[in-house]
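**Q** One file is attached below, coords_3.tsv, containing TSV, C-alpha atoms and all ligand atoms.
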```tsv
chain	number	residue	atom	x	y	z
R	12	MET	CA	90.12	134.71	124.75
R	13	SER	CA	87.98	135.94	121.88
R	14	LYS	CA	88.51	132.88	119.69
R	15	ASP	CA	87.06	130.45	122.25
R	16	LYS	CA	83.67	130.40	120.49
R	17	ASN	CA	85.06	130.34	116.94
R	18	PRO	CA	83.43	127.31	115.28
R	19	LEU	CA	86.56	126.70	113.21
R	20	LEU	CA	88.37	125.62	116.37
R	21	ASP	CA	86.60	122.31	115.71
R	22	PRO	CA	88.73	120.51	113.09
R	23	LYS	CA	85.62	118.77	111.69
R	24	ARG	CA	84.19	122.16	110.65
R	25	ARG	CA	87.14	122.89	108.37
R	26	SER	CA	87.17	122.10	104.66
R	27	ALA	CA	89.57	119.58	103.16
R	28	ALA	CA	91.90	122.29	101.81
R	29	THR	CA	92.34	123.69	105.33
R	30	GLN	CA	92.87	120.19	106.76
R	31	MET	CA	95.70	119.64	104.27
R	32	VAL	CA	97.60	122.54	105.85
R	33	HIS	CA	96.61	122.30	109.53
R	34	GLY	CA	94.86	118.95	110.14
R	35	GLY	CA	96.26	116.83	112.96
R	36	GLY	CA	98.95	119.42	113.74
R	37	LYS	CA	100.34	119.33	117.28
R	38	ARG	CA	102.84	121.82	118.65
R	39	SER	CA	105.65	121.01	121.04
R	40	PRO	CA	106.38	123.45	123.91
R	41	PHE	CA	108.51	125.45	121.40
R	42	ASN	CA	105.41	126.46	119.37
R	43	GLU	CA	107.03	125.78	116.02
R	44	THR	CA	104.88	126.67	112.95
R	45	SER	CA	106.01	123.75	110.79
R	46	GLU	CA	105.31	120.27	112.17
R	47	ALA	CA	108.14	118.90	114.30
R	48	LEU	CA	110.10	115.81	113.32
R	49	PHE	CA	110.25	113.42	116.29
R	50	LEU	CA	113.17	111.25	115.26
R	51	ASN	CA	113.16	108.94	118.28
R	52	SER	CA	112.55	105.23	118.69
R	53	GLY	CA	111.62	105.09	122.39
R	54	TYR	CA	110.18	107.12	125.28
R	55	SER	CA	111.04	107.40	128.96
R	56	TYR	CA	108.45	107.43	131.73
R	57	PRO	CA	108.25	109.52	134.90
R	58	SER	CA	107.60	106.40	137.02
R	59	SER	CA	107.18	102.63	136.88
R	60	GLN	CA	103.50	103.10	137.66
R	61	HIS	CA	103.15	105.41	134.66
R	62	ALA	CA	104.78	102.75	132.44
R	63	GLU	CA	102.45	100.05	133.78
R	64	ASP	CA	99.35	102.22	133.19
R	65	LEU	CA	100.53	103.06	129.68
R	66	PHE	CA	101.05	99.41	128.75
R	67	LEU	CA	97.62	98.53	130.19
R	68	ASN	CA	96.09	101.28	128.00
R	69	LYS	CA	94.80	102.99	131.17
R	70	ILE	CA	96.40	106.24	130.04
R	71	ALA	CA	97.21	107.61	126.61
R	72	GLY	CA	100.77	108.12	125.48
R	73	HIS	CA	103.58	106.85	123.37
R	74	ASN	CA	105.65	103.80	124.21
R	75	TYR	CA	107.58	102.75	121.09
R	76	SER	CA	107.90	104.23	117.62
R	77	ARG	CA	107.10	100.95	115.86
R	78	PHE	CA	103.45	101.89	116.50
R	79	ALA	CA	103.43	105.27	118.28
R	80	ASN	CA	105.25	108.41	117.16
R	81	PRO	CA	104.01	112.02	117.30
R	82	THR	CA	105.07	112.88	113.73
R	83	VAL	CA	103.38	109.74	112.40
R	84	ASP	CA	100.30	110.62	114.53
R	85	MET	CA	100.08	114.00	112.84
R	86	PHE	CA	100.22	112.43	109.37
R	87	GLN	CA	97.58	109.83	110.29
R	88	GLU	CA	95.23	112.41	111.80
R	89	ARG	CA	95.64	114.80	108.88
R	90	MET	CA	94.85	112.03	106.37
R	91	ALA	CA	91.84	110.87	108.43
R	92	LEU	CA	90.42	114.42	108.43
R	93	ILE	CA	90.94	114.77	104.66
R	94	GLU	CA	89.36	111.36	103.96
R	95	GLY	CA	86.53	111.74	106.47
R	96	ALA	CA	87.67	108.55	108.25
R	97	GLU	CA	87.51	107.90	111.99
R	98	ALA	CA	91.04	106.55	112.15
R	99	ALA	CA	94.15	105.76	110.11
R	100	ARG	CA	97.51	104.02	110.37
R	101	GLY	CA	100.62	104.87	108.37
R	102	PHE	CA	102.85	102.21	106.80
R	103	ALA	CA	106.33	101.91	105.34
R	104	SER	CA	104.97	101.72	101.77
R	105	GLY	CA	101.75	101.41	99.82
R	106	MET	CA	102.29	97.66	99.55
R	107	ALA	CA	102.72	97.37	103.33
R	108	ALA	CA	99.40	99.23	103.70
R	109	VAL	CA	97.54	97.01	101.21
R	110	THR	CA	99.03	93.80	102.64
R	111	ASN	CA	97.97	94.84	106.14
R	112	ALA	CA	94.46	95.89	105.05
R	113	VAL	CA	93.85	92.58	103.27
R	114	MET	CA	95.68	90.14	105.55
R	115	SER	CA	94.39	91.68	108.81
R	116	GLN	CA	90.85	90.73	107.69
R	117	VAL	CA	91.37	87.05	106.82
R	118	ARG	CA	92.52	83.75	108.28
R	119	ALA	CA	93.04	80.27	106.83
R	120	GLY	CA	89.81	78.97	105.30
R	121	ASP	CA	88.58	82.42	104.21
R	122	HIS	CA	88.14	83.64	100.65
R	123	ILE	CA	88.95	86.92	98.87
R	124	VAL	CA	87.27	88.30	95.75
R	125	ALA	CA	89.29	90.90	93.85
R	126	ALA	CA	89.16	92.69	90.53
R	127	GLN	CA	91.72	91.20	88.13
R	128	ALA	CA	93.00	94.60	86.99
R	129	LEU	CA	95.16	95.55	89.96
R	130	PHE	CA	98.51	97.20	90.65
R	131	GLY	CA	101.15	94.44	90.23
R	132	GLY	CA	102.03	94.04	93.91
R	133	CYS	CA	98.37	94.06	94.99
R	134	ARG	CA	97.57	91.29	92.52
R	135	TYR	CA	100.51	89.30	93.86
R	136	VAL	CA	99.23	89.59	97.46
R	137	VAL	CA	95.76	88.25	96.68
R	138	GLU	CA	96.64	85.82	93.88
R	139	ASP	CA	99.95	84.27	95.05
R	140	TYR	CA	100.56	85.19	98.67
R	141	ALA	CA	97.19	84.77	100.41
R	142	PRO	CA	96.68	81.21	99.05
R	143	ARG	CA	99.99	80.13	100.64
R	144	PHE	CA	98.32	80.77	104.00
R	145	GLY	CA	95.11	78.93	103.16
R	146	VAL	CA	93.16	81.96	101.94
R	147	GLU	CA	91.73	81.32	98.47
R	148	SER	CA	91.05	84.13	96.04
R	149	THR	CA	88.96	84.65	92.94
R	150	LEU	CA	89.82	87.39	90.44
R	151	VAL	CA	87.01	88.82	88.32
R	152	ASP	CA	86.55	91.41	85.59
R	153	GLY	CA	85.73	94.40	87.81
R	154	ARG	CA	83.84	96.41	85.23
R	155	ASP	CA	80.58	94.52	85.86
R	156	PRO	CA	79.47	94.33	89.53
R	157	GLU	CA	77.56	91.12	88.71
R	158	ASN	CA	80.93	89.37	88.39
R	159	PHE	CA	81.60	90.07	92.07
R	160	ALA	CA	78.13	88.82	93.04
R	161	ARG	CA	78.76	85.54	91.19
R	162	ALA	CA	82.16	85.01	92.84
R	163	MET	CA	80.99	85.49	96.43
R	164	ARG	CA	81.08	82.41	98.70
R	165	PRO	CA	79.85	81.89	102.26
R	166	ASN	CA	83.47	82.24	103.47
R	167	THR	CA	84.26	85.43	101.48
R	168	LYS	CA	85.61	87.95	104.00
R	169	VAL	CA	87.20	90.56	101.75
R	170	VAL	CA	86.45	92.21	98.42
R	171	PHE	CA	89.42	94.18	97.13
R	172	ILE	CA	89.32	96.68	94.29
R	173	GLU	CA	91.27	99.52	92.78
R	174	THR	CA	89.47	102.17	90.72
R	175	PRO	CA	90.48	103.53	88.28
R	176	THR	CA	92.73	100.54	87.70
R	177	ASN	CA	96.37	100.52	86.76
R	178	PRO	CA	97.23	100.95	83.93
R	179	THR	CA	94.08	100.87	81.78
R	180	LEU	CA	91.93	103.18	83.93
R	181	GLU	CA	88.92	100.88	83.99
R	182	LEU	CA	86.40	101.70	86.71
R	183	VAL	CA	84.72	99.58	89.35
R	184	ASP	CA	81.35	100.75	90.69
R	185	ILE	CA	82.28	101.22	94.37
R	186	GLN	CA	78.74	101.57	95.71
R	187	ALA	CA	77.40	98.52	93.83
R	188	VAL	CA	80.34	96.36	94.92
R	189	ALA	CA	80.06	97.61	98.54
R	190	ASP	CA	76.40	96.52	98.58
R	191	ILE	CA	77.33	93.06	97.23
R	192	ALA	CA	80.17	92.66	99.75
R	193	HIS	CA	77.97	93.70	102.69
R	194	ALA	CA	75.08	91.44	101.62
R	195	HIS	CA	77.55	88.55	102.07
R	196	GLY	CA	79.07	89.83	105.31
R	197	ALA	CA	82.37	90.74	103.63
R	198	LYS	CA	84.36	93.97	103.89
R	199	LEU	CA	85.21	96.15	100.90
R	200	ILE	CA	88.77	97.48	100.63
R	201	VAL	CA	89.45	100.19	98.02
R	202	ASP	CA	92.92	101.17	96.82
R	203	ASN	CA	92.22	104.84	96.01
R	204	VAL	CA	95.62	105.90	94.66
R	205	PHE	CA	94.61	106.73	91.10
R	206	SER	CA	91.66	109.02	91.87
R	207	THR	CA	93.24	110.53	95.01
R	208	ALA	CA	91.51	111.61	98.23
R	209	LEU	CA	90.55	114.82	96.45
R	210	TYR	CA	88.33	113.30	93.77
R	211	GLN	CA	86.84	110.07	95.14
R	212	LYS	CA	85.38	109.22	98.56
R	213	PRO	CA	85.16	105.41	98.86
R	214	LEU	CA	84.05	105.50	102.53
R	215	GLU	CA	80.99	107.60	101.59
R	216	LEU	CA	80.21	105.05	98.86
R	217	GLY	CA	80.26	102.16	101.35
R	218	ALA	CA	83.89	100.99	101.49
R	219	ASP	CA	85.13	99.70	104.85
R	220	LEU	CA	88.83	100.43	104.36
R	221	VAL	CA	90.67	102.77	102.00
R	222	THR	CA	94.37	102.42	101.20
R	223	TYR	CA	96.90	104.74	99.62
R	224	SER	CA	100.44	104.48	98.47
R	225	ALA	CA	101.58	107.81	99.96
R	226	THR	CA	104.62	107.47	97.70
R	227	LYS	CA	102.41	108.78	94.89
R	228	HIS	CA	100.45	112.06	95.06
R	229	ILE	CA	100.79	112.52	98.84
R	230	ASP	CA	104.55	112.91	98.69
R	231	GLY	CA	104.19	113.78	95.03
R	232	GLN	CA	107.78	114.90	94.68
R	233	GLY	CA	109.55	111.57	94.26
R	234	ARG	CA	111.30	111.53	97.65
R	235	VAL	CA	109.96	108.90	100.05
R	236	LEU	CA	107.89	105.73	100.26
R	237	GLY	CA	104.85	105.50	102.49
R	238	GLY	CA	101.36	104.08	102.78
R	239	ILE	CA	98.21	104.50	104.82
R	240	VAL	CA	95.04	102.56	105.69
R	241	LEU	CA	91.90	104.48	106.73
R	242	GLY	CA	88.50	103.38	108.06
R	243	SER	CA	86.35	103.06	111.14
R	244	LYS	CA	87.89	103.23	114.60
R	245	ALA	CA	86.72	99.67	115.25
R	246	ILE	CA	88.54	98.08	112.29
R	247	ILE	CA	91.62	100.30	112.45
R	248	GLU	CA	92.23	99.97	116.19
R	249	ALA	CA	91.43	96.28	116.50
R	250	ASP	CA	92.77	94.76	113.28
R	251	VAL	CA	95.00	97.20	111.44
R	252	HIS	CA	96.80	98.60	114.48
R	253	THR	CA	97.44	95.16	115.97
R	254	PHE	CA	98.82	93.81	112.69
R	255	LEU	CA	101.07	96.87	112.34
R	256	ARG	CA	102.21	96.76	115.95
R	257	GLN	CA	103.08	93.07	115.84
R	258	THR	CA	104.54	92.80	112.32
R	259	GLY	CA	106.27	96.17	112.10
R	260	ALA	CA	105.94	97.59	108.56
R	261	THR	CA	106.18	100.98	110.25
R	262	LEU	CA	106.19	104.35	108.52
R	263	SER	CA	109.38	106.13	109.58
R	264	ALA	CA	108.99	109.46	111.39
R	265	PHE	CA	111.16	111.13	108.78
R	266	ASN	CA	108.98	109.87	105.92
R	267	ALA	CA	105.82	110.87	107.82
R	268	TRP	CA	107.25	114.37	108.17
R	269	VAL	CA	108.00	114.59	104.42
R	270	LEU	CA	104.46	113.35	103.69
R	271	LEU	CA	102.95	115.95	106.06
R	272	LYS	CA	104.75	118.67	104.14
R	273	GLY	CA	103.57	117.05	100.89
R	274	LEU	CA	99.96	117.26	102.05
R	275	GLU	CA	100.21	121.05	102.40
R	276	THR	CA	100.40	121.34	98.61
R	277	TYR	CA	98.39	118.17	97.81
R	278	ALA	CA	95.22	119.89	96.53
R	279	LEU	CA	97.12	122.54	94.58
R	280	ARG	CA	99.31	119.99	92.86
R	281	ILE	CA	96.54	117.55	92.02
R	282	ARG	CA	94.28	120.28	90.63
R	283	GLN	CA	97.06	121.59	88.39
R	284	MET	CA	98.02	118.11	87.23
R	285	THR	CA	94.35	117.28	86.53
R	286	ASP	CA	93.85	120.49	84.51
R	287	SER	CA	96.81	119.44	82.36
R	288	ALA	CA	95.68	115.79	82.09
R	289	GLU	CA	92.29	116.95	80.75
R	290	LYS	CA	94.01	119.14	78.14
R	291	ILE	CA	96.39	116.37	77.08
R	292	ALA	CA	93.58	113.80	76.79
R	293	GLU	CA	91.67	116.19	74.54
R	294	ALA	CA	94.75	117.02	72.44
R	295	LEU	CA	95.67	113.34	71.84
R	296	ALA	CA	92.15	111.90	71.45
R	297	SER	CA	91.89	112.54	67.72
R	298	HIS	CA	95.56	111.98	66.81
R	299	PRO	CA	95.81	109.66	63.75
R	300	LYS	CA	98.54	107.48	65.35
R	301	VAL	CA	96.53	106.90	68.52
R	302	ASN	CA	93.96	104.08	68.70
R	303	ARG	CA	92.42	105.48	71.82
R	304	VAL	CA	93.10	107.73	74.75
R	305	ILE	CA	91.79	106.46	78.07
R	306	TYR	CA	90.85	109.15	80.59
R	307	PRO	CA	87.97	108.71	83.06
R	308	HIS	CA	86.34	112.10	82.47
R	309	HIS	CA	86.84	112.07	78.68
R	310	LYS	CA	83.52	111.40	76.95
R	311	SER	CA	85.09	108.54	74.96
R	312	HIS	CA	85.69	106.52	78.17
R	313	PRO	CA	83.47	103.40	78.05
R	314	GLN	CA	82.39	104.01	81.67
R	315	TYR	CA	82.06	107.79	81.37
R	316	ASP	CA	78.72	107.91	83.26
R	317	LEU	CA	80.13	105.97	86.22
R	318	ALA	CA	83.28	108.13	86.14
R	319	LYS	CA	81.12	111.26	86.40
R	320	ARG	CA	79.08	109.71	89.21
R	321	GLN	CA	81.84	108.46	91.51
R	322	MET	CA	84.82	110.70	90.69
R	323	SER	CA	84.45	114.47	90.96
R	324	ARG	CA	87.27	114.88	88.40
R	325	GLY	CA	89.24	112.56	86.10
R	326	SER	CA	92.52	112.80	88.10
R	327	THR	CA	96.10	112.93	86.92
R	328	LEU	CA	96.67	109.75	84.88
R	329	LEU	CA	95.83	108.81	81.34
R	330	ALA	CA	96.65	105.91	79.07
R	331	LEU	CA	97.10	105.82	75.32
R	332	ASP	CA	97.07	102.88	72.97
R	333	LEU	CA	99.17	103.45	69.86
R	334	LYS	CA	98.26	101.95	66.49
R	335	GLY	CA	101.89	100.96	65.85
R	336	GLY	CA	102.14	98.62	68.89
R	337	GLN	CA	105.25	98.23	71.03
R	338	GLU	CA	107.66	99.69	68.47
R	339	ALA	CA	105.57	102.87	68.28
R	340	ALA	CA	105.31	103.01	72.09
R	341	PHE	CA	109.10	102.75	72.47
R	342	THR	CA	109.73	105.35	69.75
R	343	LEU	CA	107.31	107.78	71.36
R	344	SER	CA	108.80	107.33	74.85
R	345	ASP	CA	112.38	107.59	73.56
R	346	SER	CA	111.63	110.84	71.68
R	347	LEU	CA	110.35	112.80	74.69
R	348	ALA	CA	112.45	115.64	76.09
R	349	VAL	CA	110.42	116.71	79.15
R	350	VAL	CA	108.43	113.61	80.12
R	351	LEU	CA	110.65	111.01	81.81
R	352	ILE	CA	110.47	107.25	81.34
R	353	SER	CA	109.57	105.94	84.80
R	354	ASN	CA	107.09	103.50	86.35
R	355	ASN	CA	106.33	105.83	89.28
R	356	LEU	CA	103.25	108.06	89.23
R	357	GLY	CA	101.62	111.04	90.93
R	358	ASP	CA	104.92	112.94	90.78
R	359	ALA	CA	105.60	116.63	90.06
R	360	LYS	CA	107.52	115.38	87.03
R	361	SER	CA	105.52	113.86	84.17
R	362	LEU	CA	106.32	110.15	83.81
R	363	ILE	CA	105.56	107.68	81.04
R	364	THR	CA	105.72	103.91	81.24
R	365	HIS	CA	105.19	100.94	78.92
R	366	PRO	CA	103.37	98.49	81.23
R	367	ARG	CA	103.78	95.41	78.99
R	368	THR	CA	107.57	95.43	79.33
R	369	THR	CA	107.86	96.82	82.88
R	370	THR	CA	105.18	96.72	85.60
R	371	HIS	CA	103.18	93.97	83.87
R	372	ALA	CA	106.07	91.93	82.43
R	373	ARG	CA	105.53	89.20	85.06
R	374	LEU	CA	102.03	88.39	83.79
R	375	THR	CA	101.34	86.06	80.87
R	376	GLU	CA	100.41	87.65	77.54
R	377	GLU	CA	96.93	86.15	77.93
R	378	VAL	CA	96.33	87.88	81.27
R	379	ARG	CA	97.84	91.11	79.94
R	380	LEU	CA	95.47	91.17	76.97
R	381	GLU	CA	92.53	90.28	79.24
R	382	THR	CA	93.29	93.36	81.31
R	383	GLY	CA	93.92	95.63	78.32
R	384	VAL	CA	97.73	95.78	78.54
R	385	THR	CA	98.30	95.79	74.79
R	386	PRO	CA	101.75	96.16	73.14
R	387	GLY	CA	100.92	99.75	72.16
R	388	LEU	CA	99.72	100.85	75.62
R	389	LEU	CA	101.51	103.66	77.45
R	390	ARG	CA	100.53	105.11	80.84
R	391	LEU	CA	101.18	108.78	81.38
R	392	SER	CA	101.31	110.34	84.84
R	393	VAL	CA	100.86	114.06	84.28
R	394	GLY	CA	103.08	116.33	86.37
R	395	LEU	CA	103.35	120.02	87.16
R	396	GLU	CA	105.14	121.20	84.01
R	397	ASP	CA	103.41	123.67	81.68
R	398	ALA	CA	100.56	121.84	79.90
R	399	ASP	CA	101.46	123.31	76.51
R	400	ASP	CA	105.06	122.13	76.88
R	401	LEU	CA	103.80	118.63	77.67
R	402	ILE	CA	101.49	118.63	74.65
R	403	ALA	CA	104.32	119.90	72.41
R	404	ASP	CA	106.65	117.20	73.80
R	405	LEU	CA	104.08	114.45	73.12
R	406	MET	CA	103.21	115.80	69.64
R	407	TYR	CA	106.90	115.91	68.67
R	408	ALA	CA	107.34	112.33	69.91
R	409	LEU	CA	104.22	111.15	68.04
R	410	ASP	CA	105.65	112.69	64.83
R	411	GLN	CA	108.71	110.43	65.23
R	412	VAL	CA	106.49	107.29	65.33
A	501	LIG	C1	102.23	102.41	93.87
A	501	LIG	C2	100.97	101.71	94.16
A	501	LIG	C3	100.90	100.75	95.17
A	501	LIG	C4	102.11	100.35	95.99
A	501	LIG	O1	102.65	101.41	96.69
A	501	LIG	P1	104.23	101.48	97.12
A	501	LIG	O2	104.30	102.74	97.89
A	501	LIG	O3	104.99	101.50	95.84
A	501	LIG	O4	104.51	100.27	97.91
A	501	LIG	C5	99.69	100.13	95.40
A	501	LIG	N1	98.60	100.43	94.66
A	501	LIG	C6	98.63	101.35	93.67
A	501	LIG	C7	97.39	101.63	92.90
A	501	LIG	C8	99.81	102.02	93.38
A	501	LIG	O5	99.84	102.92	92.40
```
Mind turning this structure into structure tokens?
**A**
Amino acid sequence: MSKDKNPLLDPKRRSAATQMVHGGGKRSPFNETSEALFLNSGYSYPSSQHAEDLFLNKIAGHNYSRFANPTVDMFQERMALIEGAEAARGFASGMAAVTNAVMSQVRAGDHIVAAQALFGGCRYVVEDYAPRFGVESTLVDGRDPENFARAMRPNTKVVFIETPTNPTLELVDIQAVADIAHAHGAKLIVDNVFSTALYQKPLELGADLVTYSATKHIDGQGRVLGGIVLGSKAIIEADVHTFLRQTGATLSAFNAWVLLKGLETYALRIRQMTDSAEKIAEALASHPKVNRVIYPHHKSHPQYDLAKRQMSRGSTLLALDLKGGQEAAFTLSDSLAVVLISNNLGDAKSLITHPRTTTHARLTEEVRLETGVTPGLLRLSVGLEDADDLIADLMYALDQV
């Protein structure tokens, strides 16, 4: 065949955009173009000997969909190729992925250092849940890497960060924190949801594991929940796979199939949403009713230089702090016609949320103010609508404030 020597037969030679469409694809004997949905829990074996060899890992194959399913394999392989990771495992949700990444690396007596500005569930896992099992944690202001260095102990096994953070879009210097973690023999786990696999490469900056809520930009159309953990073959196969196999927060084959289809348009959607987010940040930055707009690649961002260094673009989320506090934030949200009030993000539909009264309501006012969740703060997840419509919608709503 004439394509035998074509270098692009090697998946590693293909660019990320091509991986998003073809990466990890496997065809059944029917040669379908779209990835097949293997909606089965178990597998049958040609012989007892085959079953024994499979369970002894002497031969490759699938034995139970809690940890082995061809549709889930395709999703994992596609994500690993996009991320530049050796291996990946899918999970039932982003929180299942984060919980596995963190808890598979610690045991009683260990210590976790994490940035204090974290997605609500992630903060719960390190601050409330891990200590119940004898794993202490210290939360620090993630904006200064020195705070991580000061919190490290001889028994620190994990450093966990999210950057940009939810909802105030503060940044953590991934490379600096990776160096600190490694100097103390700890692993760095990065929740990369906000910047997406397109715009930030934590593994290249020294992270050991990267997690995503696939519910967000990967599905990106508000349909299914999912999560994924990516990293070296050694950590994924030994720790992450075993934890998944034995505790069972499995990504369903159906959801994996939806996520595979989501990945085909991942780059297109995120680029469009980022173009619009940049325009909206610029349009709102000088509005008299707005204290400040927070967007990583806007020159007013306090960590603009770091944002330019570690994120290739500013991504799809922005935050705005209104001068009129909570009343102004509610009036703005309630006056919007296109943007929906919702705490989800990364969706085709633009979504606005008031963190103080929703996602961050559980925290004390003191902790909220420490992490920048002021009464006037709104988080906007920019969708695929026309950018000028979104700006007009927001300007109309600001006029009502
Ligand atoms: C949504 C989200 C999660 C949790 O993901 P689910 O799919 O909702 O479980 C974790 N981290 C970040 C940054 C998120 O945005």
**Q** Counting only C-alpha atoms and all ligand atoms, what are the residues, protein, DNA or RNA alike, that approach ligand LIG 501 (chain A) to within 10 Å? I want them as an NGL selection string.
**A** :R and (102-110 or 129-134 or 172-178 or 201-206 or 222-228 or 235-239 or 354-357)
**Q** Kindly give the distance, in Å, that separates atom CA of Ala99 of chain R and atom CA of Gln211 of chain R, rounded to a single decimal.
**A**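 Computed distance, atom CA of Ala99 of chain R to atom CA of Gln211 of chain R, equals 17.2 Å.
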**Q** Counting only C-alpha atoms, which residue out of R:Ala91, R:Met12, R:Leu362, R:Leu389 sits closest to Ser243 of chain R?
**A**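 The closest residue to Ser243 of chain R is R:Ala91.
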**Q** Please, what distance in Å, to one decimal, runs between atom CA of Ile93 of chain R and atom CA of Ala264 of chain R?
**A**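 Atom-to-atom, atom CA of Ile93 of chain R to atom CA of Ala264 of chain R, that is 20.0 Å.
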**Q** Find the residues with any atom within 12 Å of (111.6, 105.5, 119.9); use all atoms listed in the file and the coordinates as given in the file, and write the answer as a ChimeraX atom specification.
**A** /R:49-55,73-83,261,263-264
**Q** Name all residues at most 12 Å from Lys310 of chain R (count all atoms listed in the file; drop same-chain ones fewer than 5 positions away) and give them as a list in words.
**A**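 Non-adjacent residues within range: Glu289, Ala292, Glu293, Ala296, Arg303, Val304, Ile305, Tyr315, Asp316, Leu317, Ala318, Lys319 and Gly325 of chain R.
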**Q** Please produce a file of the residues just selected, as a PDB file, keeping the file's coordinate frame, where the atoms kept are C-alpha atoms.
**A**
```pdb
ATOM      1  CA  GLU R 289      92.290 116.950  80.750  1.00  0.00           C
ATOM      2  CA  ALA R 292      93.580 113.800  76.790  1.00  0.00           C
ATOM      3  CA  GLU R 293      91.670 116.190  74.540  1.00  0.00           C
ATOM      4  CA  ALA R 296      92.150 111.900  71.450  1.00  0.00           C
ATOM      5  CA  ARG R 303      92.420 105.480  71.820  1.00  0.00           C
ATOM      6  CA  VAL R 304      93.100 107.730  74.750  1.00  0.00           C
ATOM      7  CA  ILE R 305      91.790 106.460  78.070  1.00  0.00           C
ATOM      8  CA  TYR R 315      82.060 107.790  81.370  1.00  0.00           C
ATOM      9  CA  ASP R 316      78.720 107.910  83.260  1.00  0.00           C
ATOM     10  CA  LEU R 317      80.130 105.970  86.220  1.00  0.00           C
ATOM     11  CA  ALA R 318      83.280 108.130  86.140  1.00  0.00           C
ATOM     12  CA  LYS R 319      81.120 111.260  86.400  1.00  0.00           C
ATOM     13  CA  GLY R 325      89.240 112.560  86.100  1.00  0.00           C
TER      14      GLY R 325
END
```
**Q** In Å to one decimal, how far is atom CA of Leu214 of chain R from atom CA of Glu275 of chain R?
**A**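 Taking atom CA of Glu275 of chain R and atom CA of Leu214 of chain R, their separation equals 22.4 Å.
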**Q** Contacts of Ala348 of chain R at 10 Å or less, counting only C-alpha atoms, minus same-chain residues fewer than 3 places along, as a PyMOL selection string?
**A** chain R and resi 344-345+351+400-401+403-405+407-408
**Q** Around (85.2, 108.6, 94.0), as given in the file, which residues come within 9 Å? Count only C-alpha atoms and list them as number ranges by chain.
**A** R: 174, 185, 203, 206-213, 215-216, 318, 320-324
**Q** Between R:Val240, R:Ser326, R:Met90, R:Val349, which is the closest to Phe254 of chain R once you count all atoms listed in the file?
**A**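 Of all the options, R:Val240 lies closest to Phe254 of chain R.
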**Q** Excluding Thr149 of chain R and its own-chain neighbours fewer than 6 positions away, which residues fall within 8 Å of it when counting only C-alpha atoms? Please give them as a list in words.
**A**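 In the requested form, the answer reads His122, Ile123, Val124, Ala125, Glu138 and Ala162 of chain R.
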**Q** May I have the residues within 8 Å of segment 283-287 of chain R as a VMD selection string, using all atoms listed in the file and disregarding those fewer than 2 positions away in the same chain?
**A** chain R and resid 279 to 281 289 to 291 324 to 327 393 to 395 397 to 398
**Q** Just the residues within 10 Å of segment 16-23 of chain R, please, counting only C-alpha atoms, with nothing from its chain fewer than 3 positions along; format it as a PyMOL selection string.
**A** chain R and resi 12-13+26-27+29-30+33-35+89+92-93+95
**Q** Calculated over all atoms listed in the file, which of the candidates R:Ala278, R:Val378, R:Val137, R:Ala267 has the smallest distance to Ala112 of chain R?
**A**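 Under the stated criterion, the closest residue is R:Val137.
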